[in-house]
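**Student:** One structure, as structure tokens, below. Some questions next.
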Amino acid sequence: MEPITLTTDRLLLRPFAPGDAAEVYAACQDPDIQRWTVVPSPYSRADADLFTGRFSPVGWQDDSMYNFAVVLRDGGALTGALGINRGNQPGTYEVGFWTAGEHRGRGYMTEAVRRAAHWTFTSLGGDRLEWRAETGNAPSRAVALRAGFVMEGDQRSGLLNKGVRRDTWTGALLPSDLGLSGTCAYLPASAPARP
């Protein structure tokens, strides 16, 4: 797929470029990003160069992962990163993200996730956008909830992070959650009777 840029009132979600490596490197020195995400730790400048110059462009080329630099429209500063990955089931995608420390608490990532979700459903033909984070990553969960994700539960050993299996929280967003139609009919199960 040809890389595209998405816009919101305050943000541009654009493909990463090699020129973003310095900002990515600086942001990923944050201990919280290294703790809660799967970026390498310690995070080197070579890691940033590989991510912006090779890994991200290849994801667009082979339609496996669509990484966006989340930047301010009025100044271009990098506020974070957001990726949409193809899932194992047709029409299923997964979102992942991090926010640079100095840009947290302003709603930027919630805004970016909502915009990327809309694009996933309308342009990629997605019927389900999944989110997961290591159990305890309350800021990521808060973004997902504010973006409209429905929490679906806990998954034991759901994430391999730096050689350690970890439990995860999981959630999903459907096109209907945003008032959109999906590509396939969806028939939800009846609510089970509770004992």
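Ligands are numbered from 1 in the order shown, chains are lettered A, B, ... in the order of the structure tokens, and residues start at 1 in each chain.
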When you look at A:Phe97 with a cut-off of 9 Å (counting only C-alpha atoms), what residues show up, excluding the ones that are within fewer than 5 positions of it in the same chain? I need them as a list in words.
**Tutor:**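 Skipping anything fewer than 5 positions along the chain leaves Thr37, Gly80, Ala81, Leu82, Gly83, Ile84, Met109, Val113 and Ser140 of chain A.
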**Student:** A:Thr99: which residues within 10 Å, counting only C-alpha atoms, same-chain residues fewer than 3 positions away excluded, as a VMD selection string?
**Tutor:** chain A and resid 27 to 28 30 32 to 33 70 78 to 82 102 to 105 108 to 109 139 to 140
**Student:** Using only C-alpha atoms, determine which residues lie at most 10 Å from A:Pro42, disregarding the query and same-chain residues fewer than 5 positions distant; provide the list as JSON, numbers by chain.
**Tutor:** {"A": [28, 29, 31, 34, 47]}
**Student:** Could you please take those selected residues and save C-alpha atoms as a short mmCIF file (atom, residue, chain, number, x, y, z; two decimals), in the first residue's frame?
**Tutor:**
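To be explicit, this is the file written out as out_32.cif:
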```cif
data_model
loop_
_atom_site.label_atom_id
_atom_site.label_comp_id
_atom_site.auth_asym_id
_atom_site.auth_seq_id
_atom_site.Cartn_x
_atom_site.Cartn_y
_atom_site.Cartn_z
CA CYS A 28 12.05 6.10 23.55
CA GLN A 29 14.53 6.98 26.30
CA PRO A 31 11.49 4.47 31.06
CA GLN A 34 10.68 0.92 27.51
CA ASP A 47 17.07 1.05 16.89
#
```
**Student:** Env of stretch 50-57 of chain A: 12 Å cut, atoms = only C-alpha atoms, seq-sep filter 4 positions within chain, self excluded. Answer as a VMD selection string.
**Tutor:** chain A and resid 1 to 4 14 to 25 28 39 to 40 43 to 46 61 to 69 81 to 85
**Student:** Hey, can you spit out that residue selection with N, CA and C atoms as a tab-separated table (two decimals), in the first residue's frame?
**Tutor:**
```
chain	number	residue	atom	x	y	z
A	1	MET	N	0.84	-1.17	0.00
A	1	MET	CA	0.00	0.00	0.00
A	1	MET	C	0.89	1.24	0.00
A	2	GLU	N	0.45	2.24	-0.72
A	2	GLU	CA	1.16	3.52	-0.69
A	2	GLU	C	0.91	4.18	0.66
A	3	PRO	N	1.94	4.68	1.31
A	3	PRO	CA	1.74	5.36	2.59
A	3	PRO	C	0.82	6.56	2.44
A	4	ILE	N	0.02	6.80	3.47
A	4	ILE	CA	-0.93	7.91	3.46
A	4	ILE	C	-0.78	8.71	4.75
A	14	ARG	N	1.26	10.60	9.98
A	14	ARG	CA	1.96	10.43	8.71
A	14	ARG	C	2.97	9.29	8.82
A	15	PRO	N	3.36	8.72	7.70
A	15	PRO	CA	4.36	7.65	7.75
A	15	PRO	C	5.67	8.18	8.35
A	16	PHE	N	6.35	7.31	9.07
A	16	PHE	CA	7.67	7.68	9.57
A	16	PHE	C	8.64	7.83	8.42
A	17	ALA	N	9.61	8.72	8.60
A	17	ALA	CA	10.68	8.92	7.63
A	17	ALA	C	12.01	8.84	8.38
A	18	PRO	N	13.11	8.57	7.67
A	18	PRO	CA	14.40	8.50	8.34
A	18	PRO	C	14.72	9.75	9.16
A	19	GLY	N	14.22	10.91	8.74
A	19	GLY	CA	14.47	12.14	9.48
A	19	GLY	C	13.80	12.20	10.85
A	20	ASP	N	12.93	11.24	11.14
A	20	ASP	CA	12.26	11.19	12.45
A	20	ASP	C	13.09	10.45	13.50
A	21	ALA	N	14.19	9.86	13.10
A	21	ALA	CA	14.93	8.98	14.00
A	21	ALA	C	15.37	9.68	15.28
A	22	ALA	N	15.83	10.91	15.20
A	22	ALA	CA	16.31	11.61	16.41
A	22	ALA	C	15.18	11.79	17.41
A	23	GLU	N	13.98	12.19	16.93
A	23	GLU	CA	12.85	12.37	17.85
A	23	GLU	C	12.36	11.04	18.42
A	24	VAL	N	12.35	10.00	17.60
A	24	VAL	CA	11.96	8.67	18.09
A	24	VAL	C	12.95	8.20	19.14
A	25	TYR	N	14.23	8.36	18.86
A	25	TYR	CA	15.26	7.97	19.83
A	25	TYR	C	15.06	8.70	21.15
A	28	CYS	N	11.94	7.48	23.05
A	28	CYS	CA	12.05	6.10	23.55
A	28	CYS	C	13.09	5.94	24.65
A	39	VAL	N	9.43	-2.03	22.56
A	39	VAL	CA	10.65	-1.45	22.01
A	39	VAL	C	11.85	-2.02	22.77
A	40	PRO	N	13.00	-2.13	22.11
A	40	PRO	CA	14.18	-2.64	22.80
A	40	PRO	C	14.54	-1.77	24.02
A	43	TYR	N	17.25	1.46	24.48
A	43	TYR	CA	16.86	1.84	23.13
A	43	TYR	C	17.97	2.70	22.54
A	44	SER	N	18.55	2.23	21.44
A	44	SER	CA	19.70	2.92	20.84
A	44	SER	C	19.28	3.77	19.64
A	45	ARG	N	20.18	4.62	19.21
A	45	ARG	CA	19.93	5.41	18.00
A	45	ARG	C	19.81	4.47	16.80
A	46	ALA	N	20.57	3.37	16.80
A	46	ALA	CA	20.46	2.40	15.71
A	46	ALA	C	19.06	1.78	15.67
A	61	GLN	N	4.96	-1.34	2.54
A	61	GLN	CA	5.18	-2.01	1.26
A	61	GLN	C	4.55	-3.39	1.21
A	62	ASP	N	4.65	-4.14	2.31
A	62	ASP	CA	4.11	-5.51	2.27
A	62	ASP	C	2.73	-5.63	2.92
A	63	ASP	N	2.11	-4.50	3.24
A	63	ASP	CA	0.75	-4.47	3.80
A	63	ASP	C	0.61	-5.28	5.08
A	64	SER	N	1.64	-5.28	5.90
A	64	SER	CA	1.57	-6.02	7.16
A	64	SER	C	1.39	-5.11	8.37
A	65	MET	N	1.92	-3.88	8.28
A	65	MET	CA	1.88	-2.96	9.40
A	65	MET	C	1.94	-1.53	8.87
A	66	TYR	N	1.09	-0.70	9.44
A	66	TYR	CA	1.02	0.69	9.01
A	66	TYR	C	1.38	1.56	10.20
A	67	ASN	N	2.65	2.00	10.25
A	67	ASN	CA	3.13	2.83	11.35
A	67	ASN	C	2.99	4.30	11.01
A	68	PHE	N	2.48	5.05	11.97
A	68	PHE	CA	2.30	6.48	11.81
A	68	PHE	C	3.09	7.25	12.86
A	69	ALA	N	3.77	8.30	12.42
A	69	ALA	CA	4.29	9.30	13.34
A	69	ALA	C	3.11	10.21	13.66
A	81	ALA	N	3.76	7.53	18.55
A	81	ALA	CA	3.75	6.58	17.43
A	81	ALA	C	2.50	5.72	17.55
A	82	LEU	N	1.95	5.36	16.40
A	82	LEU	CA	0.76	4.51	16.36
A	82	LEU	C	0.93	3.53	15.21
A	83	GLY	N	0.66	2.27	15.47
A	83	GLY	CA	0.74	1.26	14.43
A	83	GLY	C	-0.54	0.46	14.33
A	84	ILE	N	-0.93	0.16	13.11
A	84	ILE	CA	-2.05	-0.73	12.83
A	84	ILE	C	-1.45	-1.97	12.17
A	85	ASN	N	-1.62	-3.13	12.81
A	85	ASN	CA	-1.06	-4.39	12.31
A	85	ASN	C	-2.18	-5.30	11.85
```
**Student:** If we count only C-alpha atoms, what is near A:Glu94 at a cut-off of 9 Å, once residues fewer than 4 positions away on the same chain are taken out, given as a list in words?
**Tutor:**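 After dropping sequence-adjacent residues, the list is Gly83, Ile84, Asn85, Arg86, Gly87, Arg128, Leu129, Glu130, Trp131, Arg132 and Ala172 of chain A.
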**Student:** Compile the contact shell of A:Ser181 as a VMD selection string: residues with an atom at most 10 Å away, counting only C-alpha atoms, same-chain residues fewer than 5 positions apart removed.
**Tutor:** chain A and resid 121 to 122 125 127 174 to 176 186
**Student:** Quick one: of A:Thr120, A:Arg156, A:Leu12, A:Asp177, who's nearest to A:Ala77, counting only C-alpha atoms?
**Tutor:**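 Ranked by minimum distance to A:Ala77, first place goes to A:Leu12.
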**Student:** Considering only C-alpha atoms, state which residue in the set A:Ser157, A:Ser41, A:Ala117, A:Glu152 is at the smallest distance from A:Thr170.
**Tutor:**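 Between A:Ser157, A:Ser41, A:Ala117, A:Glu152, the residue approaching A:Thr170 most closely is A:Glu152.
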**Student:** Among stretch 13-158 of chain A, which ones does DSSP assign to strand (DSSP E) (computed from the backbone)? Answer as a count of residues only.
**Tutor:** 44
**Student:** Compile the contact shell of A:Leu178 as a VMD selection string: residues with an atom at most 9 Å away, counting only C-alpha atoms, same-chain residues fewer than 5 positions apart removed.
**Tutor:** chain A and resid 114 117 to 118 148 173
**Student:** Could you save the residues just selected, with N, CA and C atoms, as a short mmCIF file (atom, residue, chain, number, x, y, z; two decimals), in the first residue's frame?
**Tutor:**
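Okay, again_23.cif is ready:
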```
data_model
loop_
_atom_site.label_atom_id
_atom_site.label_comp_id
_atom_site.auth_asym_id
_atom_site.auth_seq_id
_atom_site.Cartn_x
_atom_site.Cartn_y
_atom_site.Cartn_z
N ARG A 114 -8.67 7.15 17.51
CA ARG A 114 -10.00 7.26 16.88
C ARG A 114 -9.89 7.44 15.37
N ALA A 117 -8.63 4.25 13.75
CA ALA A 117 -9.69 3.22 13.75
C ALA A 117 -10.66 3.47 12.60
N HIS A 118 -11.07 4.71 12.43
CA HIS A 118 -11.98 5.05 11.33
C HIS A 118 -11.36 4.65 9.99
N GLY A 148 -13.21 4.38 22.74
CA GLY A 148 -14.42 3.60 22.50
C GLY A 148 -14.27 2.10 22.55
N LEU A 173 -12.66 -2.78 19.25
CA LEU A 173 -13.54 -1.77 18.70
C LEU A 173 -14.09 -2.32 17.40
#
```
**Student:** Please, what distance in Å, to one decimal, runs between atom CA of A:Met151 and atom CA of A:Arg10?
**Tutor:**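 Pair atom CA of A:Met151 / atom CA of A:Arg10 returns 27.1 Å.
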**Student:** Just give me the gap between atom CA of A:Thr168 and atom CA of A:Gln155 in Å, one decimal is fine.
**Tutor:**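 Pair atom CA of A:Thr168 / atom CA of A:Gln155 returns 5.1 Å.
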**Student:** Run DSSP on the backbone and give me the residues of stretch 51-184 of chain A it puts in alpha helix (DSSP H), as a VMD selection string.
**Tutor:** chain A and resid 56 to 61 108 to 123 138 to 146
**Student:** Would you write out those residues with C-alpha atoms, as a short mmCIF file (atom, residue, chain, number, x, y, z; two decimals), in the first residue's frame?
**Tutor:**
```cif
data_model
loop_
_atom_site.label_atom_id
_atom_site.label_comp_id
_atom_site.auth_asym_id
_atom_site.auth_seq_id
_atom_site.Cartn_x
_atom_site.Cartn_y
_atom_site.Cartn_z
CA SER A 56 8.15 1.18 9.04
CA PRO A 57 8.52 1.58 5.25
CA VAL A 58 8.60 -2.21 4.74
CA GLY A 59 5.35 -2.59 6.72
CA TRP A 60 3.62 -0.26 4.27
CA GLN A 61 5.18 -2.01 1.26
CA TYR A 108 -3.49 13.39 21.53
CA MET A 109 -3.27 9.62 21.44
CA THR A 110 -7.01 9.14 21.98
CA GLU A 111 -7.60 11.47 19.02
CA ALA A 112 -5.05 9.58 16.92
CA VAL A 113 -6.48 6.15 17.80
CA ARG A 114 -10.00 7.26 16.88
CA ARG A 115 -8.82 8.57 13.52
CA ALA A 116 -6.76 5.46 12.77
CA ALA A 117 -9.69 3.22 13.75
CA HIS A 118 -11.98 5.05 11.33
CA TRP A 119 -9.38 4.59 8.57
CA THR A 120 -8.99 0.89 9.44
CA PHE A 121 -12.72 0.31 9.07
CA THR A 122 -13.33 2.48 5.99
CA SER A 123 -10.12 2.03 3.98
CA ALA A 138 -3.36 1.92 33.03
CA PRO A 139 -2.52 4.85 30.68
CA SER A 140 -2.83 2.62 27.59
CA ARG A 141 -6.10 1.20 28.88
CA ALA A 142 -7.41 4.73 29.51
CA VAL A 143 -6.65 5.72 25.91
CA ALA A 144 -8.41 2.61 24.60
CA LEU A 145 -11.48 3.24 26.74
CA ARG A 146 -11.68 6.93 25.74
#
```
**Student:** Determine the nearest neighbour of A:Val164 from the options A:Asn88, A:Asn137, A:Arg35, A:Trp98, counting only C-alpha atoms.
**Tutor:**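 Distance minimum relative to A:Val164 lands on A:Arg35.
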